[in-house]
Structure formats: C-alpha cells, structure tokens
>>> print(open('my_file_37.txt').read())   # compact mmCIF, C-alpha atoms
# COMPACT_ATOMS: atom_id res chain seq x y z
CA MET E 1 2.48 164.84 150.16
CA PRO E 2 3.03 161.07 149.98
CA LEU E 3 6.05 159.52 151.68
CA ILE E 4 8.20 156.79 150.13
CA ALA E 5 9.13 153.73 152.20
CA MET E 6 11.94 151.96 150.35
CA THR E 7 13.95 148.78 150.48
CA ARG E 8 16.85 148.14 148.19
CA GLU E 9 19.37 145.41 147.49
CA MET E 10 23.06 146.14 147.93
CA GLY E 11 24.42 147.28 144.59
CA SER E 12 20.97 148.02 143.14
CA LEU E 13 21.52 151.81 143.12
CA GLY E 14 18.58 152.21 145.53
CA LYS E 15 20.55 154.77 147.52
CA ASP E 16 20.90 156.89 144.38
CA VAL E 17 17.20 156.52 143.53
CA ALA E 18 16.24 157.65 147.04
CA ALA E 19 18.49 160.68 146.78
CA GLY E 20 17.03 161.51 143.38
CA ILE E 21 13.46 161.40 144.69
CA ALA E 22 14.35 163.64 147.62
CA GLY E 23 16.04 166.09 145.28
CA ARG E 24 13.00 166.28 143.01
CA VAL E 25 10.65 167.18 145.86
CA ASN E 26 13.22 169.20 147.84
CA LYS E 27 13.01 167.02 150.92
CA LYS E 28 15.32 164.57 152.70
CA VAL E 29 16.09 160.86 152.85
CA VAL E 30 16.04 159.28 156.31
CA TYR E 31 18.36 156.37 157.01
CA HIS E 32 21.35 157.12 159.24
CA GLU E 33 19.26 159.70 161.12
CA ILE E 34 17.48 156.91 163.00
CA ILE E 35 20.64 155.28 164.34
CA GLU E 36 21.66 157.89 166.92
CA PRO E 37 18.29 158.25 168.73
CA LEU E 38 17.88 154.48 168.57
CA ALA E 39 21.29 153.91 170.15
CA ASN E 40 20.56 156.51 172.82
CA LYS E 41 17.27 154.89 173.78
CA MET E 42 18.89 151.46 173.94
CA ARG E 43 21.96 152.87 175.73
CA LEU E 44 24.29 151.39 173.14
CA ARG E 45 27.05 152.73 170.93
CA LYS E 46 25.99 153.77 167.44
CA SER E 47 28.53 151.32 165.99
CA HIS E 48 26.91 148.51 168.00
CA VAL E 49 23.48 149.18 166.46
CA GLU E 50 24.96 149.55 162.97
CA ARG E 51 26.81 146.24 163.21
CA PHE E 52 23.72 144.44 164.51
CA LEU E 53 21.53 145.74 161.69
CA GLU E 54 24.14 144.78 159.10
CA GLY E 55 24.44 141.26 160.50
CA LYS E 56 28.07 141.81 161.52
CA SER E 57 27.73 141.77 165.30
CA GLY E 58 29.51 139.11 167.31
CA ILE E 59 27.91 136.67 169.75
CA TRP E 60 28.26 139.00 172.76
CA GLU E 61 26.77 141.94 170.88
CA ARG E 62 23.84 139.82 169.73
CA LEU E 63 23.15 138.69 173.28
CA THR E 64 23.21 142.27 174.59
CA THR E 65 20.98 143.74 171.90
CA ASP E 66 17.37 143.65 173.12
CA ARG E 67 15.41 142.80 170.00
CA THR E 68 12.05 143.75 171.47
CA SER E 69 13.37 147.18 172.41
CA LEU E 70 14.94 147.50 168.97
CA SER E 71 11.56 146.87 167.35
CA ILE E 72 9.66 149.31 169.58
CA PHE E 73 12.19 152.13 169.41
CA THR E 74 12.62 151.76 165.65
CA ALA E 75 8.85 152.03 165.15
CA ASP E 76 8.71 155.10 167.40
CA GLU E 77 11.48 156.84 165.42
CA THR E 78 9.99 155.81 162.06
CA PHE E 79 6.63 157.38 162.89
CA ARG E 80 8.36 160.49 164.15
CA PHE E 81 10.01 160.96 160.76
CA LEU E 82 6.76 160.08 158.97
CA ARG E 83 5.12 163.04 160.68
CA ASP E 84 8.05 165.30 159.78
CA ASP E 85 7.02 167.23 156.67
CA SER E 86 10.66 167.53 155.57
CA THR E 87 10.96 163.77 154.94
CA ALA E 88 10.51 162.35 151.42
CA VAL E 89 11.97 158.84 151.75
CA ILE E 90 12.53 156.48 154.66
CA ARG E 91 15.05 153.93 153.44
CA GLY E 92 15.21 150.57 155.20
CA TRP E 93 14.37 150.07 158.89
CA GLY E 94 11.36 147.89 158.02
CA ALA E 95 9.39 151.04 157.11
CA VAL E 96 7.81 149.29 154.11
CA HIS E 97 6.23 146.72 156.40
CA LEU E 98 5.62 148.92 159.44
CA LEU E 99 3.77 151.55 157.38
CA ARG E 100 1.94 149.18 155.04
CA ASN E 101 -1.52 150.31 156.21
CA ILE E 102 -0.88 154.03 155.76
CA PRO E 103 -2.67 155.10 152.52
CA HIS E 104 -0.28 157.95 151.68
CA VAL E 105 2.87 155.83 152.04
CA ILE E 106 4.14 154.35 148.76
CA ARG E 107 6.13 151.15 149.25
CA VAL E 108 9.00 150.81 146.78
CA ARG E 109 11.61 148.12 146.20
CA ILE E 110 14.73 148.75 144.12
CA CYS E 111 16.44 145.61 142.84
CA ALA E 112 18.81 144.23 140.20
CA PRO E 113 20.16 140.77 139.23
CA PHE E 114 22.86 139.41 141.53
CA GLU E 115 25.58 139.45 138.87
CA THR E 116 24.83 143.07 138.03
CA ARG E 117 25.06 144.05 141.67
CA VAL E 118 28.32 142.19 142.21
CA GLY E 119 29.88 143.98 139.25
CA ARG E 120 28.73 147.37 140.50
CA MET E 121 30.05 146.78 143.99
CA MET E 122 33.43 145.58 142.70
CA GLU E 123 33.70 148.76 140.64
CA ARG E 124 32.52 150.97 143.50
CA LEU E 125 35.02 149.43 145.93
CA SER E 126 37.81 149.30 143.32
CA THR E 127 38.46 145.62 144.02
CA ASP E 128 38.85 142.47 141.97
CA ASN E 129 38.09 140.26 144.99
CA ARG E 130 34.79 138.85 143.78
CA GLU E 131 34.39 136.39 146.64
CA THR E 132 34.57 139.12 149.29
CA VAL E 133 31.96 141.21 147.51
CA GLU E 134 29.62 138.26 147.04
CA ASN E 135 29.93 137.37 150.73
CA GLU E 136 29.18 140.98 151.71
CA ILE E 137 26.02 141.01 149.60
CA HIS E 138 24.87 137.65 150.97
CA LEU E 139 25.53 138.81 154.54
CA SER E 140 23.51 141.98 154.01
CA GLU E 141 20.55 140.09 152.55
CA GLU E 142 20.58 137.41 155.24
CA ALA E 143 20.50 140.08 157.96
CA HIS E 144 17.65 141.91 156.22
CA SER E 145 15.70 138.67 155.77
CA ALA E 146 16.14 137.69 159.42
CA ILE E 147 15.06 141.08 160.76
CA THR E 148 11.93 141.39 158.58
CA LYS E 149 10.94 137.78 159.23
CA ARG E 150 11.39 138.17 163.00
CA HIS E 151 9.61 141.51 163.39
CA PHE E 152 7.01 141.42 160.62
CA GLY E 153 6.66 137.76 159.62
CA VAL E 154 7.26 138.54 155.94
CA ASN E 155 9.75 137.82 153.17
CA TRP E 156 11.02 141.26 152.16
CA LYS E 157 11.62 140.13 148.56
CA ASP E 158 7.97 139.18 147.91
CA PRO E 159 6.57 141.66 145.35
CA GLU E 160 3.13 141.75 147.00
CA ASN E 161 4.71 143.73 149.85
CA TYR E 162 5.26 146.69 147.50
CA ASP E 163 3.32 149.15 145.39
CA LEU E 164 6.20 149.49 142.94
CA VAL E 165 9.18 147.24 142.16
CA LEU E 166 11.89 148.71 139.92
CA CYS E 167 14.86 146.82 138.44
CA THR E 168 17.90 148.95 137.66
CA GLU E 169 19.44 146.47 135.24
CA ARG E 170 17.66 148.22 132.36
CA LEU E 171 16.17 151.30 134.04
CA SER E 172 18.45 154.21 134.85
CA VAL E 173 18.36 155.99 138.20
CA ASP E 174 16.58 158.97 136.61
CA GLU E 175 13.97 156.69 135.01
CA CYS E 176 13.30 155.06 138.39
CA VAL E 177 12.94 158.49 139.99
CA ASP E 178 10.46 159.45 137.25
CA GLU E 179 8.34 156.38 138.01
CA VAL E 180 8.26 157.01 141.75
CA VAL E 181 7.52 160.74 141.44
CA GLY E 182 4.74 159.85 139.00
CA MET E 183 3.23 157.62 141.68
CA MET E 184 3.55 160.43 144.22
CA ASN E 185 1.41 162.66 142.01
CA ARG E 186 -1.49 160.20 141.80
CA PRO E 187 -4.64 161.18 143.76
CA ARG E 188 -4.93 157.82 145.50
CA PHE E 189 -1.64 158.35 147.35
CA GLN E 190 -2.33 161.86 148.64
CA GLU E 191 -2.77 162.60 152.32
CA THR E 192 -6.33 162.79 153.60
CA PRO E 193 -7.75 163.76 157.00
CA ASP E 194 -8.35 160.06 157.68
CA SER E 195 -4.83 158.97 156.72
CA ILE E 196 -3.28 161.76 158.80
CA ARG E 197 -5.48 160.77 161.75
CA LEU E 198 -4.32 157.15 161.39
CA VAL E 199 -0.67 158.25 161.45
CA THR E 200 -1.26 160.44 164.50
CA ASN E 201 -2.91 157.61 166.42
CA LEU E 202 -0.23 155.05 165.53
CA ALA E 203 2.59 157.49 166.24
CA LEU E 204 1.18 158.15 169.71
CA GLU E 205 0.76 154.43 170.31
CA TRP E 206 4.43 153.74 169.56
CA ALA E 207 5.54 156.78 171.57
CA VAL E 208 3.71 155.41 174.63
CA ARG E 209 5.16 151.92 174.10
CA SER E 210 8.62 153.43 173.78
CA ALA E 211 8.22 155.44 176.99
CA MET E 212 7.11 152.35 178.89
CA ARG E 213 10.01 150.33 177.52
CA ARG E 214 12.48 152.96 178.72
CA ASP E 215 11.04 153.11 182.25
CA ALA E 216 12.33 150.43 184.63
CA ARG E 217 8.90 150.12 186.28
CA THR E 218 7.24 148.89 183.08
CA ALA E 219 10.15 147.77 180.87
CA GLU E 220 9.35 144.08 181.23
CA VAL E 221 5.57 144.37 181.52
CA GLY E 222 3.38 143.17 178.64
CA ILE E 223 0.84 145.95 178.10
CA THR E 224 -1.43 146.46 175.09
CA VAL E 225 -1.59 150.11 174.03
CA ARG E 226 -4.34 151.55 171.83
CA CYS E 227 -4.66 155.23 170.96
CA LEU E 228 -7.56 157.14 169.48
CA ASP E 229 -7.53 160.93 169.16
CA GLY E 230 -5.31 161.45 172.17
CA VAL E 231 -7.04 158.90 174.41
CA VAL E 232 -4.72 156.04 175.40
CA ARG E 233 -6.27 152.75 176.44
CA LEU E 234 -4.06 150.35 178.42
CA GLU E 235 -5.05 146.69 178.54
CA GLY E 236 -3.57 143.49 179.90
CA VAL E 237 -2.52 141.87 183.16
CA VAL E 238 0.27 143.22 185.36
CA ASP E 239 1.79 141.69 188.47
CA THR E 240 0.95 144.47 190.92
CA ALA E 241 -1.28 147.51 191.30
CA ASP E 242 1.88 149.65 191.45
CA GLU E 243 2.75 148.61 187.88
CA ALA E 244 -0.71 149.63 186.69
CA ILE E 245 -0.34 153.03 188.38
CA ALA E 246 3.14 153.48 186.90
CA ALA E 247 1.84 152.65 183.42
CA SER E 248 -0.80 155.37 183.71
CA GLU E 249 1.74 157.92 184.91
CA ILE E 250 4.16 157.12 182.09
CA ALA E 251 1.46 157.23 179.41
CA ALA E 252 0.02 160.50 180.71
CA ALA E 253 3.45 162.16 180.48
CA VAL E 254 3.85 161.44 176.75
CA GLY E 255 3.29 164.47 174.55
CA GLY E 256 -0.07 164.36 172.76
CA VAL E 257 -1.83 162.20 175.36
CA LYS E 258 -5.06 163.84 176.53
CA GLU E 259 -6.49 161.05 178.64
CA VAL E 260 -5.51 157.58 179.88
CA ASP E 261 -8.13 154.83 180.06
CA ASN E 262 -6.42 152.31 182.34
CA GLN E 263 -8.01 148.88 181.94
CA LEU E 264 -5.01 146.99 183.35
CA ARG E 265 -5.76 144.19 185.78
CA SER E 266 -3.52 143.26 188.67
CA ALA E 267 -2.72 139.55 188.91
CA ALA E 268 -2.09 139.92 192.63
CA ALA E 269 -5.48 141.56 193.21
CA ALA E 270 -7.23 138.96 191.07
CA ALA E 271 -5.58 136.13 193.00
CA SER E 272 -6.56 137.69 196.32
CA ARG E 273 -10.16 138.09 195.18
CA TYR E 274 -10.21 134.49 193.97
CA ARG E 275 -9.02 133.26 197.38
CA ARG E 276 -11.66 135.31 199.19
CA GLU E 277 -14.46 134.16 196.94
CA GLY E 278 -13.21 130.59 196.97
>>> encode(input="my_file_37.txt", output="structure tokens")
Amino acid sequence: MPLIAMTREMGSLGKDVAAGIAGRVNKKVVYHEIIEPLANKMRLRKSHVERFLEGKSGIWERLTTDRTSLSIFTADETFRFLRDDSTAVIRGWGAVHLLRNIPHVIRVRICAPFETRVGRMMERLSTDNRETVENEIHLSEEAHSAITKRHFGVNWKDPENYDLVLCTERLSVDECVDEVVGMMNRPRFQETPDSIRLVTNLALEWAVRSAMRRDARTAEVGITVRCLDGVVRLEGVVDTADEAIAASEIAAAVGGVKEVDNQLRSAAAAASRYRREG
C-alpha cells in the first residue's frame, strides 16, 4: 500500500487530515513516535529535540544540537517507519523531501490562507491575543523553512515538491481525506518489487550511516555509504587504517548487511607511499 508523506501549515487542519487518512486505511500516523528514538541516539532530552525542531531552542541548545547527526538519525528513523506496514502517514520530519524518489510514497501538502489559520488557532487556543498567535505561526514556519533548506536545499512551500496540494479554506477535512485516499488507490502509486527494493537499499544505507555516527571511532569520519541488495560499499578517505577497519566492523554488524566492500583509503598510508615513491 502507498505511504503518505505530509507537510502542513499550523492551523491548516493537516493533523486532522492525517488522522482521517489513517482511520480510513486502519493504520497509524507517525510524528511524535520519531522523537524518542531520535533523542536517545543523540543523547538528548526529548524536550530538547522538540524545542529545536519547533525553532524555540535557546543559543546553548542550538550549539549543542549536532545538525549532521539530527539529519542522519532522522533519515534512519523515517525509513524504519516507511518499512513498517502499520504506517499510513509520516507527518513532517522532512519525509516529503527525503522520500521524494520512492514511487509508492505520495507527497501531500495541507495548507490554508494565513488569516484563516490565525482564526482557527485563536479559536483552538481560546485566546483573543492575535499577535501571540501570529508570532507562533511565523516561528513555526521559519523553523520549518530553515530545516528543509539546510538539509534538502528546497523551499517546502513550492508546489512542485508535492504530488497533491490541498487547501482547507474551502475543502473540508473529509473532502481532503477523500482526495488522498483516491490517490492511494491509483495503480501508479502501488508498491512494486522495484520500489520495495529501493526502500530496502536506502533504509540499509541510512542504518549503516547511523551506526557509524553513533560509534566514537567513526563519528567524525566522512564516509560514503552505498547499499545494494545487502552489499555495503564504503568509499572515501580516512585518516588511519584503524578507522577503515572500524568502519567495516560497524557496517558488518548492522542487521541486513550481507557483505562489506571496503574501498576506503587511508590518508596516512597514501602519504607514506608518496614519500617512498618520491
């Protein structure tokens, strides 16, 4: 079955649309579920990760949040949920952009005019403080824009990044759910052996990257990882032969890895060879 990757604007009712889709197909929405494993891998409090993603973290928190690790671990968790047959919708987390090349992932954006969203949020929060609500919406969108620009080099509001854009100013939640479920039933978005194979390869690639990021021996080493049917190819230049050996050991220990093709080159060995030949 296809999976929905969704972004939504605050106050657009995207959360309700996601829940409606999941209810129709009797599966779940993934959003908060990613926070805990992400925090554990980064050795941070859940509240720290939540505040960073919402753009509310202070200067110290921003300095102590490793953005490269955040990107790698988020991708690893996203692919884990993509392979979980109980998942219908992954909301947020850059899933729309991370999964853009997966044929059976439908990319959806839920939006509404700013004034409509402000009114909804004021009603939802039972407040007449319009300025506070407007600032909250702007803060949320600035954080989302910064994260997607930094990690994916895209503007998340551009319609070409989506298969379906739905505006809830005139469409009800149920009508939006109807449109998305209709897309899910189209033959072009169904899983195929090739699309499942692509997911399996990419999931393994991110799992290996995540394992290397968590291991002190390779945490700061720039290694290119490519996976094909259980064979992991490691490429790049490392400082020492020990780092290359460690990379192989770490990759081999990841579930699903059948073989490691270590093409890493040691800078120290290359320099020594250059001196001898020179």
>>> residues_around(input="my_file_37.txt", residues="Met1 in chain E", least_positions_apart="3", cutoff="8 Å", atoms="all atoms listed in the file", output="PDB file with C-alpha atoms, in the frame of the given file")
ATOM      1  CA  HIS E 104      -0.280 157.950 151.680  1.00  0.00           C
ATOM      2  CA  MET E 184       3.550 160.430 144.220  1.00  0.00           C
ATOM      3  CA  GLN E 190      -2.330 161.860 148.640  1.00  0.00           C
ATOM      4  CA  GLU E 191      -2.770 162.600 152.320  1.00  0.00           C
TER       5      GLU E 191
END
>>> axis_aligned_box(input="my_file_37.txt", around="range 92-101 of chain E", padding_each_side="4 Å", output="lines of an AutoDock Vina configuration file")
center_x = 6.8
center_y = 149.1
center_z = 156.8
size_x = 24.7
size_y = 12.8
size_z = 13.3
>>> residues_around(input="my_file_37.txt", residues="range 178-183 of chain E", least_positions_apart="5", cutoff="10 Å", atoms="all atoms listed in the file", output="JSON, numbers by chain")
{"E": [2, 4, 17, 18, 20, 21, 22, 24, 25, 106, 107, 108, 163, 164, 165, 166, 172, 173, 188, 189, 190]}
>>> atom_distance(input="my_file_37.txt", atom1="CA of Leu204 in chain E", atom2="CA of Ala146 in chain E")
27.4 Å
>>> residues_near_point(input="my_file_37.txt", point="(13.1, 149.3, 148.2)", cutoff="7 Å", atoms="all atoms listed in the file", output="compact mmCIF listing (two decimals) with C-alpha atoms, in the coordinates of the input")
# COMPACT_ATOMS: atom_id res chain seq x y z
CA MET E 6 11.94 151.96 150.35
CA THR E 7 13.95 148.78 150.48
CA ARG E 8 16.85 148.14 148.19
CA GLY E 14 18.58 152.21 145.53
CA VAL E 108 9.00 150.81 146.78
CA ARG E 109 11.61 148.12 146.20
CA ILE E 110 14.73 148.75 144.12
>>> atom_distance(input="my_file_37.txt", atom1="CA of His144 in chain E", atom2="CA of Arg120 in chain E")
20.0 Å
>>> residues_around(input="my_file_37.txt", residues="Ala112 in chain E", least_positions_apart="2", cutoff="6 Å", atoms="only C-alpha atoms", output="count of residues only")
4
>>> atom_distance(input="my_file_37.txt", atom1="CA of Arg117 in chain E", atom2="CA of Arg170 in chain E")
12.6 Å
>>> residues_near_point(input="my_file_37.txt", point="(-1.2, 148.7, 184.7)", cutoff="8 Å", atoms="all atoms listed in the file", output="list in words")
Ile223, Leu234, Glu235, Gly236, Val237, Val238, Thr240, Ala241, Asp242, Glu243, Ala244, Ile245, Ala246, Ala247, Ser248, Asn262, Gln263, Leu264, Arg265 and Ser266 of chain E
>>> closest_residue(input="my_file_37.txt", among="E:Arg124, E:Arg214, E:Arg186, E:His97", to="Thr148 in chain E", atoms="only C-alpha atoms")
E:His97
>>> closest_residue(input="my_file_37.txt", among="E:Lys15, E:Lys157, E:Arg91, E:Arg226", to="Ala207 in chain E", atoms="all atoms listed in the file")
E:Arg226
>>> closest_residue(input="my_file_37.txt", among="E:Asp239, E:Asp76, E:Asp215, E:Asp84", to="Ala253 in chain E", atoms="all atoms listed in the file")
E:Asp215
>>> closest_residue(input="my_file_37.txt", among="E:Asn26, E:Pro193, E:Val199, E:Asp174", to="Leu98 in chain E", atoms="only C-alpha atoms")
E:Val199
>>> closest_residue(input="my_file_37.txt", among="E:Cys111, E:Val96, E:Ala251, E:Ala19", to="Glu141 in chain E", atoms="all atoms listed in the file")
E:Cys111
>>> closest_residue(input="my_file_37.txt", among="E:Pro103, E:Met121, E:Glu175, E:Val232", to="Asn135 in chain E", atoms="only C-alpha atoms")
E:Met121
>>> decode(input="my_file_37.txt", residues="range 258-269 of chain E", atoms="all heavy atoms", output="PDB file, in the first residue's frame")
ATOM      1  N   LYS E 258      24.919  -8.171   4.350  1.00  0.00           N
ATOM      2  CA  LYS E 258      25.439  -9.494   3.992  1.00  0.00           C
ATOM      3  C   LYS E 258      26.935  -9.466   3.715  1.00  0.00           C
ATOM      4  O   LYS E 258      27.635 -10.456   3.927  1.00  0.00           O
ATOM      5  CB  LYS E 258      24.709 -10.009   2.747  1.00  0.00           C
ATOM      6  CG  LYS E 258      23.206 -10.136   2.909  1.00  0.00           C
ATOM      7  CD  LYS E 258      22.546 -10.519   1.589  1.00  0.00           C
ATOM      8  CE  LYS E 258      21.034 -10.591   1.721  1.00  0.00           C
ATOM      9  NZ  LYS E 258      20.389 -10.884   0.407  1.00  0.00           N
ATOM     10  N   GLU E 259      27.398  -8.345   3.218  1.00  0.00           N
ATOM     11  CA  GLU E 259      28.806  -8.252   2.823  1.00  0.00           C
ATOM     12  C   GLU E 259      29.229  -6.788   2.846  1.00  0.00           C
ATOM     13  O   GLU E 259      28.422  -5.894   2.563  1.00  0.00           O
ATOM     14  CB  GLU E 259      28.984  -8.818   1.411  1.00  0.00           C
ATOM     15  CG  GLU E 259      30.404  -8.765   0.861  1.00  0.00           C
ATOM     16  CD  GLU E 259      30.477  -9.243  -0.574  1.00  0.00           C
ATOM     17  OE1 GLU E 259      29.571 -10.012  -0.997  1.00  0.00           O
ATOM     18  OE2 GLU E 259      31.425  -8.840  -1.279  1.00  0.00           O
ATOM     19  N   VAL E 260      30.490  -6.535   3.180  1.00  0.00           N
ATOM     20  CA  VAL E 260      31.031  -5.174   3.180  1.00  0.00           C
ATOM     21  C   VAL E 260      32.156  -5.089   2.167  1.00  0.00           C
ATOM     22  O   VAL E 260      33.138  -5.838   2.238  1.00  0.00           O
ATOM     23  CB  VAL E 260      31.568  -4.768   4.571  1.00  0.00           C
ATOM     24  CG1 VAL E 260      32.189  -3.364   4.506  1.00  0.00           C
ATOM     25  CG2 VAL E 260      30.450  -4.803   5.602  1.00  0.00           C
ATOM     26  N   ASP E 261      32.007  -4.199   1.205  1.00  0.00           N
ATOM     27  CA  ASP E 261      33.033  -3.937   0.197  1.00  0.00           C
ATOM     28  C   ASP E 261      33.747  -2.656   0.615  1.00  0.00           C
ATOM     29  O   ASP E 261      33.295  -1.547   0.336  1.00  0.00           O
ATOM     30  CB  ASP E 261      32.379  -3.777  -1.177  1.00  0.00           C
ATOM     31  CG  ASP E 261      33.392  -3.442  -2.269  1.00  0.00           C
ATOM     32  OD1 ASP E 261      34.611  -3.594  -2.026  1.00  0.00           O
ATOM     33  OD2 ASP E 261      32.965  -3.001  -3.359  1.00  0.00           O
ATOM     34  N   ASN E 262      34.867  -2.808   1.304  1.00  0.00           N
ATOM     35  CA  ASN E 262      35.571  -1.661   1.881  1.00  0.00           C
ATOM     36  C   ASN E 262      36.557  -1.084   0.873  1.00  0.00           C
ATOM     37  O   ASN E 262      37.625  -1.655   0.618  1.00  0.00           O
ATOM     38  CB  ASN E 262      36.301  -2.089   3.156  1.00  0.00           C
ATOM     39  CG  ASN E 262      36.802  -0.891   3.950  1.00  0.00           C
ATOM     40  OD1 ASN E 262      36.996   0.197   3.410  1.00  0.00           O
ATOM     41  ND2 ASN E 262      37.010  -1.084   5.238  1.00  0.00           N
ATOM     42  N   GLN E 263      36.202   0.068   0.311  1.00  0.00           N
ATOM     43  CA  GLN E 263      37.063   0.759  -0.644  1.00  0.00           C
ATOM     44  C   GLN E 263      37.679   2.018  -0.026  1.00  0.00           C
ATOM     45  O   GLN E 263      38.150   2.896  -0.745  1.00  0.00           O
ATOM     46  CB  GLN E 263      36.249   1.139  -1.883  1.00  0.00           C
ATOM     47  CG  GLN E 263      35.700  -0.043  -2.659  1.00  0.00           C
ATOM     48  CD  GLN E 263      36.815  -0.888  -3.252  1.00  0.00           C
ATOM     49  OE1 GLN E 263      37.800  -0.361  -3.773  1.00  0.00           O
ATOM     50  NE2 GLN E 263      36.660  -2.201  -3.166  1.00  0.00           N
ATOM     51  N   LEU E 264      37.684   2.093   1.299  1.00  0.00           N
ATOM     52  CA  LEU E 264      38.234   3.257   1.984  1.00  0.00           C
ATOM     53  C   LEU E 264      39.747   3.309   1.818  1.00  0.00           C
ATOM     54  O   LEU E 264      40.433   2.283   1.869  1.00  0.00           O
ATOM     55  CB  LEU E 264      37.882   3.211   3.474  1.00  0.00           C
ATOM     56  CG  LEU E 264      36.404   3.362   3.814  1.00  0.00           C
ATOM     57  CD1 LEU E 264      36.170   3.067   5.290  1.00  0.00           C
ATOM     58  CD2 LEU E 264      35.919   4.772   3.477  1.00  0.00           C
ATOM     59  N   ARG E 265      40.252   4.513   1.650  1.00  0.00           N
ATOM     60  CA  ARG E 265      41.698   4.714   1.527  1.00  0.00           C
ATOM     61  C   ARG E 265      42.213   5.451   2.751  1.00  0.00           C
ATOM     62  O   ARG E 265      41.576   6.375   3.231  1.00  0.00           O
ATOM     63  CB  ARG E 265      42.024   5.511   0.270  1.00  0.00           C
ATOM     64  CG  ARG E 265      41.706   4.772  -1.031  1.00  0.00           C
ATOM     65  CD  ARG E 265      41.923   5.673  -2.222  1.00  0.00           C
ATOM     66  NE  ARG E 265      40.960   6.779  -2.244  1.00  0.00           N
ATOM     67  CZ  ARG E 265      41.240   8.002  -2.675  1.00  0.00           C
ATOM     68  NH1 ARG E 265      42.442   8.292  -3.110  1.00  0.00           N
ATOM     69  NH2 ARG E 265      40.317   8.940  -2.662  1.00  0.00           N
ATOM     70  N   SER E 266      43.359   5.033   3.221  1.00  0.00           N
ATOM     71  CA  SER E 266      43.969   5.661   4.383  1.00  0.00           C
ATOM     72  C   SER E 266      44.886   6.796   3.940  1.00  0.00           C
ATOM     73  O   SER E 266      45.802   6.601   3.133  1.00  0.00           O
ATOM     74  CB  SER E 266      44.766   4.632   5.185  1.00  0.00           C
ATOM     75  OG  SER E 266      45.617   5.264   6.108  1.00  0.00           O
ATOM     76  N   ALA E 267      44.642   7.989   4.454  1.00  0.00           N
ATOM     77  CA  ALA E 267      45.474   9.141   4.107  1.00  0.00           C
ATOM     78  C   ALA E 267      46.901   8.938   4.580  1.00  0.00           C
ATOM     79  O   ALA E 267      47.857   9.297   3.892  1.00  0.00           O
ATOM     80  CB  ALA E 267      44.885  10.410   4.732  1.00  0.00           C
ATOM     81  N   ALA E 268      47.047   8.318   5.750  1.00  0.00           N
ATOM     82  CA  ALA E 268      48.383   8.073   6.283  1.00  0.00           C
ATOM     83  C   ALA E 268      49.164   7.118   5.387  1.00  0.00           C
ATOM     84  O   ALA E 268      50.343   7.329   5.079  1.00  0.00           O
ATOM     85  CB  ALA E 268      48.297   7.511   7.696  1.00  0.00           C
ATOM     86  N   ALA E 269      48.488   6.042   4.932  1.00  0.00           N
ATOM     87  CA  ALA E 269      49.157   5.070   4.063  1.00  0.00           C
ATOM     88  C   ALA E 269      49.499   5.690   2.723  1.00  0.00           C
ATOM     89  O   ALA E 269      50.580   5.447   2.157  1.00  0.00           O
ATOM     90  CB  ALA E 269      48.256   3.853   3.872  1.00  0.00           C
TER      91      ALA E 269
END
